[in-house]
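**Student:** Questions regarding the structure given below will be posed in turn.
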Amino acid sequence: MASTQHGGQGLPYRNTGGSLSDDEAVPDTDPSDTSSLLLERLQAYKHAVGYLENYITETDKVEKAHAKEYEKILKTVSSPLKEGHHFDQSLGGIAGFFESIRSNTQGIANSHLETEKNLKGSVLPILERLHSEIKNKNKELTKGAAKGSKEVDKARNTTQKHIELLGQHSAAFASSGGKIEASNDPYILQRGINHRLNYQVLEENNNRNDLLAVQDSFMQFEAHVIQTMQQAMSAFLQCVSGQSERQKAMYSDIISTAQRIPPDFEFKGFVHRNSNTLIDPSVPKRSLSNISYPNQNHSSTRPLIAGSLERKSRAALKGYSAGYYVVTPAKYLHEFKDNDDYKKDPVPELSLYLPDCIIGGIDGEKFNVKGKDASKGKVGSKLAMSHELAFRAKSPADAEKWWTTIREESGQGAVGGSIPSSPVESRTVSGQQAPPQYQEAKQPQSQDTRQQASMQTQQPAPVQTQGLPQQAIGYQGASITPGAGTVSGYDQMNREVKSAGTGYSSANADPRSGVERAPGQY
């Protein structure tokens, strides 16, 4: 009845535990549970075959020593089976089979020498070969699936450490106002988690495939074990058939008990009892797209703008090279070779902390940023040289988006109109700083207006004559006589300024300032 009940239904498997869940980055299950369970089951069968070997061996001795030695035979099977919980305790299984052996062996009193020789030559070799096959199966499982479970544990530990690191620095980002190191940018940490999680999932799926292959082969292997045990017991029956009818009846009962065990009876019962540990083949494999983990959608992990830009190489002949750039809420501009998180660990090739950078103007599809590379950590950032980087977008509209976002994150704000494309001040050959360049006024001034403004800015203060001697040296060497009607040196200078329009015309006058517009017209 038990056999029919198991045979009429599909093999049950657990829905959790050994089967991995798609909503957890690091499942709580131990990947070695399945392999350990299968190894323990192999040990159970190995001990069961060992019991039979001992039984036949001791039977061989009993055939020589008659009834007394049968007490020894009974002792070999009197103890409960090791790992007995792996066998169905109802009638019709391995446990019932050994119970039949105990009850029938008690009645055997005599044996024959011929039976002893036949047992040694035909029955024991079958069981010894089966014992060796079980040992080889044990080694195969230990070196294969069990070793893969250790790799899964290692990959999960690595993923868990980086998830905890993301949680730590995500909290630090919220509490410190966003000032964190480039290597601890939650965006970078998240991409690192994706990389390690992808490796973990590959290890889990590989280990799952290995365990499924072993698990599927177990039914066939167990059927082979039981059939071999049946074959050994059939050979044993032929050895003892010459004995008395009583002995024959007892042994026939033992053999019939073994023969009634269906090859899949024990395995179905085993699956039914351990459905919460064995892997369910119907459960689909894990997918990275269905996995979630803490802080996965944190605001600090979402880029403000991302895409492809071209950066001019420092070598003059190489021109522009394309790369993948991202501006993060942590105010970093990161450069990557590509947007692939899985091929290798996504470490930035370049990281600029925008508040420490100088943002140049935008010229069509080009703009410049000057700053230090912060991707090497604190020490590397301090030793790094400041470089001016020239970028080129796909279109002016795209460049405008990048330039606006970068300026806003740098704290310099958006600026309307075009400004100089280089944030670096122009310098002369001698190293002296050149005068700043100003933007041309939108409304040009007339020549008269510029001359009047220049004259107003260049007119010196009134000459103080009180307390001076009667004859004094004025500007350009002209004499200044207070109250006199003659033209003073100062009046002469004023006439020269009005006639020239800008600057002083005298040879002894100071050189012109070069200012051509009135204040506020620059």
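How things are named: the first chain in the structure tokens is A, the next is B, and so on; residues count from 1 in each chain; ligands count from 1 in the order shown.
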Within 12 Å of Ser410 of chain A, counting only C-alpha atoms, which residues show up once you throw out same-chain ones fewer than 4 positions away? Write them as a compact mmCIF listing (two decimals) with C-alpha atoms, in the first residue's frame, please.

**Tutor:**
```
# COMPACT_ATOMS: atom_id res chain seq x y z
CA VAL A 327 27.61 62.62 -12.84
CA THR A 328 26.47 61.25 -9.44
CA PRO A 329 24.56 62.90 -6.58
CA ALA A 330 27.86 62.77 -4.65
CA LYS A 331 29.06 65.52 -7.05
CA TYR A 332 31.57 63.31 -8.87
CA LEU A 333 32.16 63.10 -12.60
CA LEU A 352 36.60 64.54 -10.63
CA TYR A 353 35.07 66.06 -7.51
CA LEU A 354 33.13 68.88 -9.19
CA PRO A 355 33.07 71.39 -6.27
CA ASP A 356 36.90 71.41 -6.48
CA CYS A 357 36.92 71.89 -10.26
CA ILE A 358 36.83 74.94 -12.52
CA ILE A 359 34.19 74.70 -15.24
CA GLY A 360 34.98 76.42 -18.52
CA VAL A 369 36.68 71.09 -17.00
CA LYS A 370 39.82 71.65 -14.94
CA GLY A 371 40.46 69.58 -11.81
CA TRP A 403 27.61 71.41 -19.09
CA THR A 404 24.56 72.64 -17.14
CA THR A 405 24.49 69.58 -14.87
CA ILE A 406 28.24 69.78 -14.20
CA ALA A 414 24.33 77.97 -14.72
```

**Student:** Taking only segment 197-339 of chain A into account, list the residues labelled helix (DSSP H, G or I) by DSSP (computed from the backbone), as a PyMOL selection string.

**Tutor:** chain A and resi 197-240+245-259+265-273+288-290+299-301

**Student:** Include C-alpha atoms and write out the residues we just selected as a CSV table (one decimal), in the first residue's frame.

**Tutor:**
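Listing of result-v9.csv after writing:
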```
chain,number,residue,atom,x,y,z
A,197,LEU,CA,26.3,39.2,-7.3
A,198,ASN,CA,26.5,38.2,-10.9
A,199,TYR,CA,29.5,36.0,-10.0
A,200,GLN,CA,27.6,34.6,-7.0
A,201,VAL,CA,24.6,33.7,-9.1
A,202,LEU,CA,26.8,31.9,-11.7
A,203,GLU,CA,28.4,29.9,-8.9
A,204,GLU,CA,25.0,29.1,-7.4
A,205,ASN,CA,23.5,28.0,-10.7
A,206,ASN,CA,26.6,25.9,-11.5
A,207,ASN,CA,26.4,24.2,-8.1
A,208,ARG,CA,22.6,23.8,-8.5
A,209,ASN,CA,23.2,22.1,-11.9
A,210,ASP,CA,25.8,19.8,-10.4
A,211,LEU,CA,23.6,18.9,-7.5
A,212,LEU,CA,20.6,18.3,-9.8
A,213,ALA,CA,22.7,16.0,-11.9
A,214,VAL,CA,23.8,14.0,-8.9
A,215,GLN,CA,20.3,14.0,-7.4
A,216,ASP,CA,18.8,12.7,-10.6
A,217,SER,CA,21.4,10.0,-10.9
A,218,PHE,CA,20.8,8.9,-7.3
A,219,MET,CA,17.5,7.2,-8.2
A,220,GLN,CA,19.2,5.1,-10.8
A,221,PHE,CA,22.1,4.4,-8.6
A,222,GLU,CA,19.9,3.4,-5.7
A,223,ALA,CA,18.0,1.1,-8.0
A,224,HIS,CA,21.3,-0.4,-9.0
A,225,VAL,CA,22.3,-0.8,-5.3
A,226,ILE,CA,19.0,-2.5,-4.4
A,227,GLN,CA,19.1,-4.7,-7.6
A,228,THR,CA,22.7,-5.7,-6.8
A,229,MET,CA,21.7,-6.5,-3.2
A,230,GLN,CA,18.9,-8.6,-4.6
A,231,GLN,CA,21.3,-10.3,-7.0
A,232,ALA,CA,23.6,-11.1,-4.0
A,233,MET,CA,20.8,-12.5,-2.0
A,234,SER,CA,19.6,-14.6,-5.0
A,235,ALA,CA,23.1,-16.1,-5.2
A,236,PHE,CA,23.0,-16.7,-1.5
A,237,LEU,CA,19.7,-18.6,-1.9
A,238,GLN,CA,21.4,-20.9,-4.3
A,239,CYS,CA,24.1,-21.6,-1.8
A,240,VAL,CA,21.8,-22.6,1.0
A,245,GLU,CA,13.6,-27.3,4.3
A,246,ARG,CA,13.4,-25.3,7.4
A,247,GLN,CA,16.6,-23.4,6.5
A,248,LYS,CA,15.3,-23.0,3.0
A,249,ALA,CA,12.0,-21.6,4.2
A,250,MET,CA,13.7,-19.1,6.5
A,251,TYR,CA,16.1,-17.9,3.9
A,252,SER,CA,13.3,-17.8,1.3
A,253,ASP,CA,11.4,-15.5,3.6
A,254,ILE,CA,14.5,-13.2,3.9
A,255,ILE,CA,14.9,-13.2,0.1
A,256,SER,CA,11.3,-12.6,-0.7
A,257,THR,CA,11.3,-9.6,1.7
A,258,ALA,CA,14.2,-8.2,-0.2
A,259,GLN,CA,12.7,-8.9,-3.6
A,265,PHE,CA,10.3,2.8,-3.1
A,266,GLU,CA,13.0,4.0,-0.8
A,267,PHE,CA,14.0,7.0,-2.9
A,268,LYS,CA,10.4,8.2,-3.2
A,269,GLY,CA,10.0,7.9,0.6
A,270,PHE,CA,13.3,9.7,1.0
A,271,VAL,CA,12.2,12.5,-1.2
A,272,HIS,CA,8.8,12.8,0.5
A,273,ARG,CA,10.5,13.0,4.0
A,288,LEU,CA,19.8,38.9,-11.6
A,289,SER,CA,17.0,41.0,-12.8
A,290,ASN,CA,14.7,39.6,-10.1
A,299,SER,CA,18.8,58.2,-4.3
A,300,SER,CA,22.6,58.4,-4.1
A,301,THR,CA,22.9,55.5,-6.5
```

**Student:** Which value, in Å to one decimal, gives the distance between atom CA of Ser170 of chain A and atom CA of Tyr324 of chain A?

**Tutor:**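 For atom CA of Ser170 of chain A relative to atom CA of Tyr324 of chain A, the distance reads 23.5 Å.
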
**Student:** Skipping near chain neighbours, those fewer than 2 positions away, what residues fall within 9 Å of Asp60 of chain A using only C-alpha atoms, listed as a list in words?

**Tutor:** Tyr55, Ile56, Thr57, Glu58, Val62, Glu63, Lys64, Ser111, Leu113, Thr115, Glu116, Lys117, Asn118, Leu119 and Lys120 of chain A

**Student:** Calculate how many Å separate atom CA of Asp373 of chain A from atom CA of Gly307 of chain A, rounding to one decimal.

**Tutor:**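 Here the two named atoms are 19.6 Å from each other.
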
**Student:** Restricting the calculation to only C-alpha atoms: of A:Tyr70, A:Phe98, A:Phe391, A:Phe336, which residue gets closest to Tyr51 of chain A?

**Tutor:**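 The answer is A:Phe98, which sits nearest to Tyr51 of chain A.
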
**Student:** As a PDB file with C-alpha atoms, in the first residue's frame, please: the residues near Glu400 of chain A (cut-off 10 Å, only C-alpha atoms, same-chain neighbours under 4 positions excluded).

**Tutor:**
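Generated file (selection21.pdb):
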```pdb
ATOM      1  CA  ILE A 362      30.609  75.844 -23.684  1.00  0.00           C
ATOM      2  CA  ASP A 363      31.429  76.210 -27.342  1.00  0.00           C
ATOM      3  CA  GLY A 364      28.946  74.368 -29.504  1.00  0.00           C
ATOM      4  CA  GLU A 365      29.418  70.719 -28.650  1.00  0.00           C
ATOM      5  CA  LYS A 366      32.625  71.257 -26.649  1.00  0.00           C
ATOM      6  CA  PHE A 367      33.329  72.304 -23.053  1.00  0.00           C
ATOM      7  CA  ALA A 393      29.348  65.732 -26.920  1.00  0.00           C
ATOM      8  CA  SER A 395      25.484  67.547 -30.361  1.00  0.00           C
ATOM      9  CA  PRO A 396      25.317  71.087 -28.960  1.00  0.00           C
ATOM     10  CA  THR A 404      24.556  72.644 -17.143  1.00  0.00           C
ATOM     11  CA  THR A 405      24.494  69.585 -14.874  1.00  0.00           C
ATOM     12  CA  ILE A 406      28.244  69.780 -14.199  1.00  0.00           C
TER      13      ILE A 406
END
```

**Student:** With only C-alpha atoms as the counted atoms, please give the residues lying no more than 7 Å from His169 of chain A, apart from itself and same-chain residues fewer than 3 positions off, as a PDB file with N, CA, C and O atoms, in the first residue's frame.

**Tutor:**
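Here's the written file around22.pdb:
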```pdb
ATOM      1  N   LEU A 165      28.773  47.188   3.082  1.00  0.00           N
ATOM      2  CA  LEU A 165      29.555  48.398   2.823  1.00  0.00           C
ATOM      3  C   LEU A 165      28.694  49.463   2.143  1.00  0.00           C
ATOM      4  O   LEU A 165      28.802  50.651   2.447  1.00  0.00           O
ATOM      5  N   LEU A 166      27.822  49.048   1.226  1.00  0.00           N
ATOM      6  CA  LEU A 166      26.907  49.997   0.582  1.00  0.00           C
ATOM      7  C   LEU A 166      25.965  50.612   1.598  1.00  0.00           C
ATOM      8  O   LEU A 166      25.713  51.823   1.578  1.00  0.00           O
ATOM      9  N   ALA A 172      26.163  57.155   5.484  1.00  0.00           N
ATOM     10  CA  ALA A 172      27.120  58.252   5.628  1.00  0.00           C
ATOM     11  C   ALA A 172      26.827  59.356   4.623  1.00  0.00           C
ATOM     12  O   ALA A 172      26.998  60.538   4.906  1.00  0.00           O
ATOM     13  N   PHE A 173      26.381  59.009   3.436  1.00  0.00           N
ATOM     14  CA  PHE A 173      26.040  60.009   2.419  1.00  0.00           C
ATOM     15  C   PHE A 173      24.889  60.883   2.890  1.00  0.00           C
ATOM     16  O   PHE A 173      24.912  62.098   2.739  1.00  0.00           O
ATOM     17  N   ASN A 184      34.195  55.236  -2.244  1.00  0.00           N
ATOM     18  CA  ASN A 184      33.059  54.881  -1.410  1.00  0.00           C
ATOM     19  C   ASN A 184      31.752  55.467  -1.940  1.00  0.00           C
ATOM     20  O   ASN A 184      30.749  55.497  -1.230  1.00  0.00           O
ATOM     21  N   PRO A 186      28.316  55.553  -3.266  1.00  0.00           N
ATOM     22  CA  PRO A 186      27.312  54.467  -3.317  1.00  0.00           C
ATOM     23  C   PRO A 186      27.049  53.972  -4.726  1.00  0.00           C
ATOM     24  O   PRO A 186      26.739  52.801  -4.918  1.00  0.00           O
TER      25      PRO A 186
END
```

**Student:** Tell me, in Å to one decimal, how far atom CA of Glu83 of chain A is from atom CA of Glu99 of chain A.

**Tutor:** 15.5 Å

**Student:** Skipping near chain neighbours, those fewer than 4 positions away, what residues fall within 6 Å of Gly323 of chain A using only C-alpha atoms, listed as a list in words?

**Tutor:** Ser308, Leu309 and Lys337 of chain A
